[in-house]
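Structure first, then comments.
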Amino acid sequence: MPGFHRGVATYYETSAGVRVDIDPAVVETVLSLLGPPAVPHAAAPVVPAGPLPEVPRTWGWMLQLYGVRSAASWGVGDLADLAEFTRWARSTGAGAILVNPLHAVAPVDPLPSSPYSPSSRRFVNPLYLRITDLPEYRDAPPGLRAEVDALRPAVSPPDGLIDYDGVWRAKRQALTLLCPPAGSAAPERSDVTDFAVYCALVADHGPDWRTWPSELRRPGPAAYAVADPAAVAFHTWLQVRCAEQLAAANAAAEGMAVGIIHDLAVGIDPGGADAWTLQDVIAADAKVGAPPDAFNQQGQDWGLATWSPDRLADTGYAAWRTLLREIFRHAGGLRVDHVAGLWRLWWVPPGQSPAEGTYVYYDDAAMLGILVEEAKLAGAVVVGEDLGTVEDTVTTTLQERNILGSAVLWFTRDDDGRFLPPGDWPDNAVASISTHDLPTAAGFLSGEHVLSRAEAGVLTRDVKLEWAAATADRTALLDLLDAEGLTGADSTDEEIVLAMHQLLLRTPCRVVLASPYDVLGEVRQPNLPGTTSQYPNWRIPLSLSLEDLTTDARMKQIADLFSGR
């Protein structure tokens with residue numbers, strides 16, 4: 001068994017119990033990425049905080065906020081849309097809203113679209129700002145307001161997808177017009193000004209700090225001296241306004257059983273803001289991902305940087321604690337993407353395929369202890385995404401700490417691959433039909449997940465075998481729904497999707513979440529792992545505007561169904 005700090009796995013077991021040995025050369029390469037062993041650190045040990053309070057039984061919605069567009073937003077769902085949807089959901093009895101990561105991306109054109117590949121997890125993407133809710137807009141003279149209003153994108157792109165670049169160009173121009181003039185005093189050094197200095201330097205040197213002049217590759221006097229003061233003030237102001245609009249969205253959830261659950265991406269852009277400002281605790285050159293599994297047969301290289309286990313421990317986990325505390329300021333809960341990463345992460349060495357990586361172990365007692373401690377201080381719940389290849393100790397420890405696991409219909413099966421009846425689902429978990437990385441309900445029934453992966457060229461076996469497996473899965477699910485008395489031989493796909501939601505209600509899971517993508521019959525999943533330009537990842541909007549979404553009969557049907565839980 002590998003040790004916690006410098007433990008580099010020489011083998012691992014799949015979820016089916018199959019042992020996979022790691023090439024010794026890969027192990028040596030990963031050890032070299034860790035660097036020399038750290039000297040024993042003097043940081044105080046993390047005192048176990050005990051379990052979190054029991055999460056109340058409730059239901060709610062899973063939102064990809066960018067896709068929830070309203071008449072007042074500028075082509076991308078924004079924080080005011082989040083607040084409005086939350087108010088509607090609360091009025092129907094919902095107790096939780098799970099939203100995609102709102103982390104900041106590099107302020108460049110084209111704008112990165114993936115919420116799971118952030119430049120910074122400590123700050124917010126200003127793309128989500130509602131321009132007309134800014135005090136500078138409300139207080140602006142009519143001429144300036146008209147100038148800002150004229151920047152609003154007129155129509156959606158012909159392909160119907162979300163145009164991040166066009167929206168960001170328009171919003172950036174509007175925000176530039178509205179930003180108050182910078183003061184004459186030099187900014188004091190802080191986390192937010194470090195972030196703002198990074199953003200300012202991006203304009204002159206590009207988004208990857210590793211390519212900058214050597215004297216700028218670390219935050220400090222040299223970087224502050226050359227960063228445009230107006231740009232630093234601009235990006236600092238953006239974060240102040242983001243925090244205010246986040247607080248307003250959080251206030252809309254007042255009275256809900258849980259409230260808004262934010263999502264924490266598993267890593268960061270290695271050339272981005274956090275990797276620049278926190279480089280002393282980030283593992284240089286290592287990228288994280290996942291080994292091959294049934295849905296991602298080539299494995300996954302997420303292209304993300306991650307913590308150096310030794311260096312993070314040497315600092316008493318200060319950066320981890322600060323990150324959590326900042327998110328919990330405006331959240332009723334936190335979903336930790338790939339929560340097994342608190343125990344171990346799949347590191348992919350430079351130049352290797354995702355399948356040619358190995359696991360590096362972390363001090364889970366410290367990582368989890370701080371997470372629980374900060375959640376307790378905030379009065380928040382924690383959800384751990386524990387799908388895929390996860391060690392038994394992860395699931396057991398989550399249960400002991402009252403951290404909710406993730407129970408997704410497609411993955412909730414027995415050892416022989418059969419779908420579990422709802423009574424056998426876990427109690428301390430969030431139940432859902434799917435996730436952003438998996439087929440939607442309609443997509444699963446139609447086989448869209450086979451078509452899209454085949455068209456993208458990410459299948460590793462013959463497409464006929466994929467279709468056979470998909471057909472067998474559909475049959476197995478229908479057998480379960482039939483056995484539960486939820487469907488019959490003549491059920492339509494729409495009736496089957498409703499039955500999937502009814503199945504969730506029969507589980508003992510503490511929280512049950514529905515997705516508008518499933519309710520509205522969208523066949524395309526938000527993200528297709530393993531693809532880039534081959535698939536419109538993160539650019540698929542909901543088929544209805546927010547105004548129509550909250551009055552749609554199908555949404556009301558699910559809200560009425562779940563509110564009787």
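Residue numbering restarts at 1 for every chain of the structure tokens, chains are lettered A, B, ... in their displayed order, and ligands are numbered from 1 as they appear.
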Secondary structure check, helix (DSSP H, G or I) residues of range 83-321 of chain A, as a count of residues only: 111
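The shell of residues at most 9 Å from Asp427 in chain A, with only C-alpha atoms counted and near chain neighbours (fewer than 4 positions) removed, consists of Leu404, Thr507, Pro508, Cys509 and Arg510 of chain A.
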Any chance you can output those residues with N, CA and C atoms as an mmCIF file, in the first residue's frame?
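Okay, this is what ended up in out31.cif:
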```
data_model
loop_
_atom_site.group_PDB
_atom_site.id
_atom_site.type_symbol
_atom_site.label_atom_id
_atom_site.label_comp_id
_atom_site.auth_asym_id
_atom_site.auth_seq_id
_atom_site.Cartn_x
_atom_site.Cartn_y
_atom_site.Cartn_z
ATOM 1 N N LEU A 404 -22.462 13.481 1.846
ATOM 2 C CA LEU A 404 -23.312 12.758 0.901
ATOM 3 C C LEU A 404 -22.490 12.226 -0.265
ATOM 4 N N THR A 507 -36.051 5.718 -3.794
ATOM 5 C CA THR A 507 -34.774 5.441 -3.142
ATOM 6 C C THR A 507 -34.769 6.076 -1.747
ATOM 7 N N PRO A 508 -33.918 5.594 -0.865
ATOM 8 C CA PRO A 508 -33.795 6.228 0.453
ATOM 9 C C PRO A 508 -32.839 7.423 0.470
ATOM 10 N N CYS A 509 -32.309 7.814 -0.683
ATOM 11 C CA CYS A 509 -31.306 8.884 -0.740
ATOM 12 C C CYS A 509 -31.837 10.168 -0.107
ATOM 13 N N ARG A 510 -30.982 10.830 0.631
ATOM 14 C CA ARG A 510 -31.410 12.005 1.392
ATOM 15 C C ARG A 510 -31.782 13.182 0.487
#
```
Of the candidates A:Val20, A:Glu254, A:Pro126, A:Leu178, which one gets nearest to Glu356 in chain A if we count only C-alpha atoms? A:Val20
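Restricting the calculation to only C-alpha atoms, the smallest distance between Val124 in chain A and any of A:Trp425, A:Phe411, A:Phe195, A:Tyr517 is found for A:Phe195.
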Set the distance at 7 Å and use only C-alpha atoms: which residues neighbour range 460-470 of chain A once local chain neighbours fewer than 3 positions away are removed? I'd like the list as a tab-separated table (two decimals) with N, CA, C and O atoms, in the first residue's frame.
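Listing of part-v5.tsv after writing:
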```
chain	number	residue	atom	x	y	z
A	297	GLN	N	-13.19	4.91	-22.29
A	297	GLN	CA	-12.36	3.73	-22.45
A	297	GLN	C	-10.89	4.03	-22.70
A	297	GLN	O	-10.04	3.15	-22.59
A	298	GLN	N	-10.58	5.27	-23.05
A	298	GLN	CA	-9.19	5.65	-23.26
A	298	GLN	C	-8.59	6.32	-22.02
A	298	GLN	O	-7.44	6.74	-22.04
A	447	GLY	N	-29.67	6.19	-27.56
A	447	GLY	CA	-28.32	5.78	-27.97
A	447	GLY	C	-27.47	6.93	-28.46
A	447	GLY	O	-26.44	6.71	-29.10
A	450	VAL	N	-23.78	6.73	-27.85
A	450	VAL	CA	-22.99	5.90	-28.76
A	450	VAL	C	-22.69	6.69	-30.03
A	450	VAL	O	-21.55	6.74	-30.50
A	454	ALA	N	-18.98	7.85	-31.23
A	454	ALA	CA	-18.48	7.29	-32.50
A	454	ALA	C	-18.10	8.42	-33.46
A	454	ALA	O	-17.03	8.37	-34.10
A	473	ASP	N	-28.19	-2.33	-22.02
A	473	ASP	CA	-28.41	-1.42	-20.89
A	473	ASP	C	-29.84	-0.89	-20.88
A	473	ASP	O	-30.49	-0.82	-19.83
A	474	ARG	N	-30.31	-0.50	-22.04
A	474	ARG	CA	-31.69	0.01	-22.12
A	474	ARG	C	-32.68	-1.06	-21.71
A	474	ARG	O	-33.62	-0.80	-20.94
```
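The space between CA of Ala227 in chain A and CA of Tyr198 in chain A spans 8.2 Å.
All residues of protein, DNA or RNA that reach within 10 Å of Thr396 in chain A, judged by only C-alpha atoms and not counting those fewer than 5 positions away in the chain, are Glu391, Arg401 and Gly405 of chain A.
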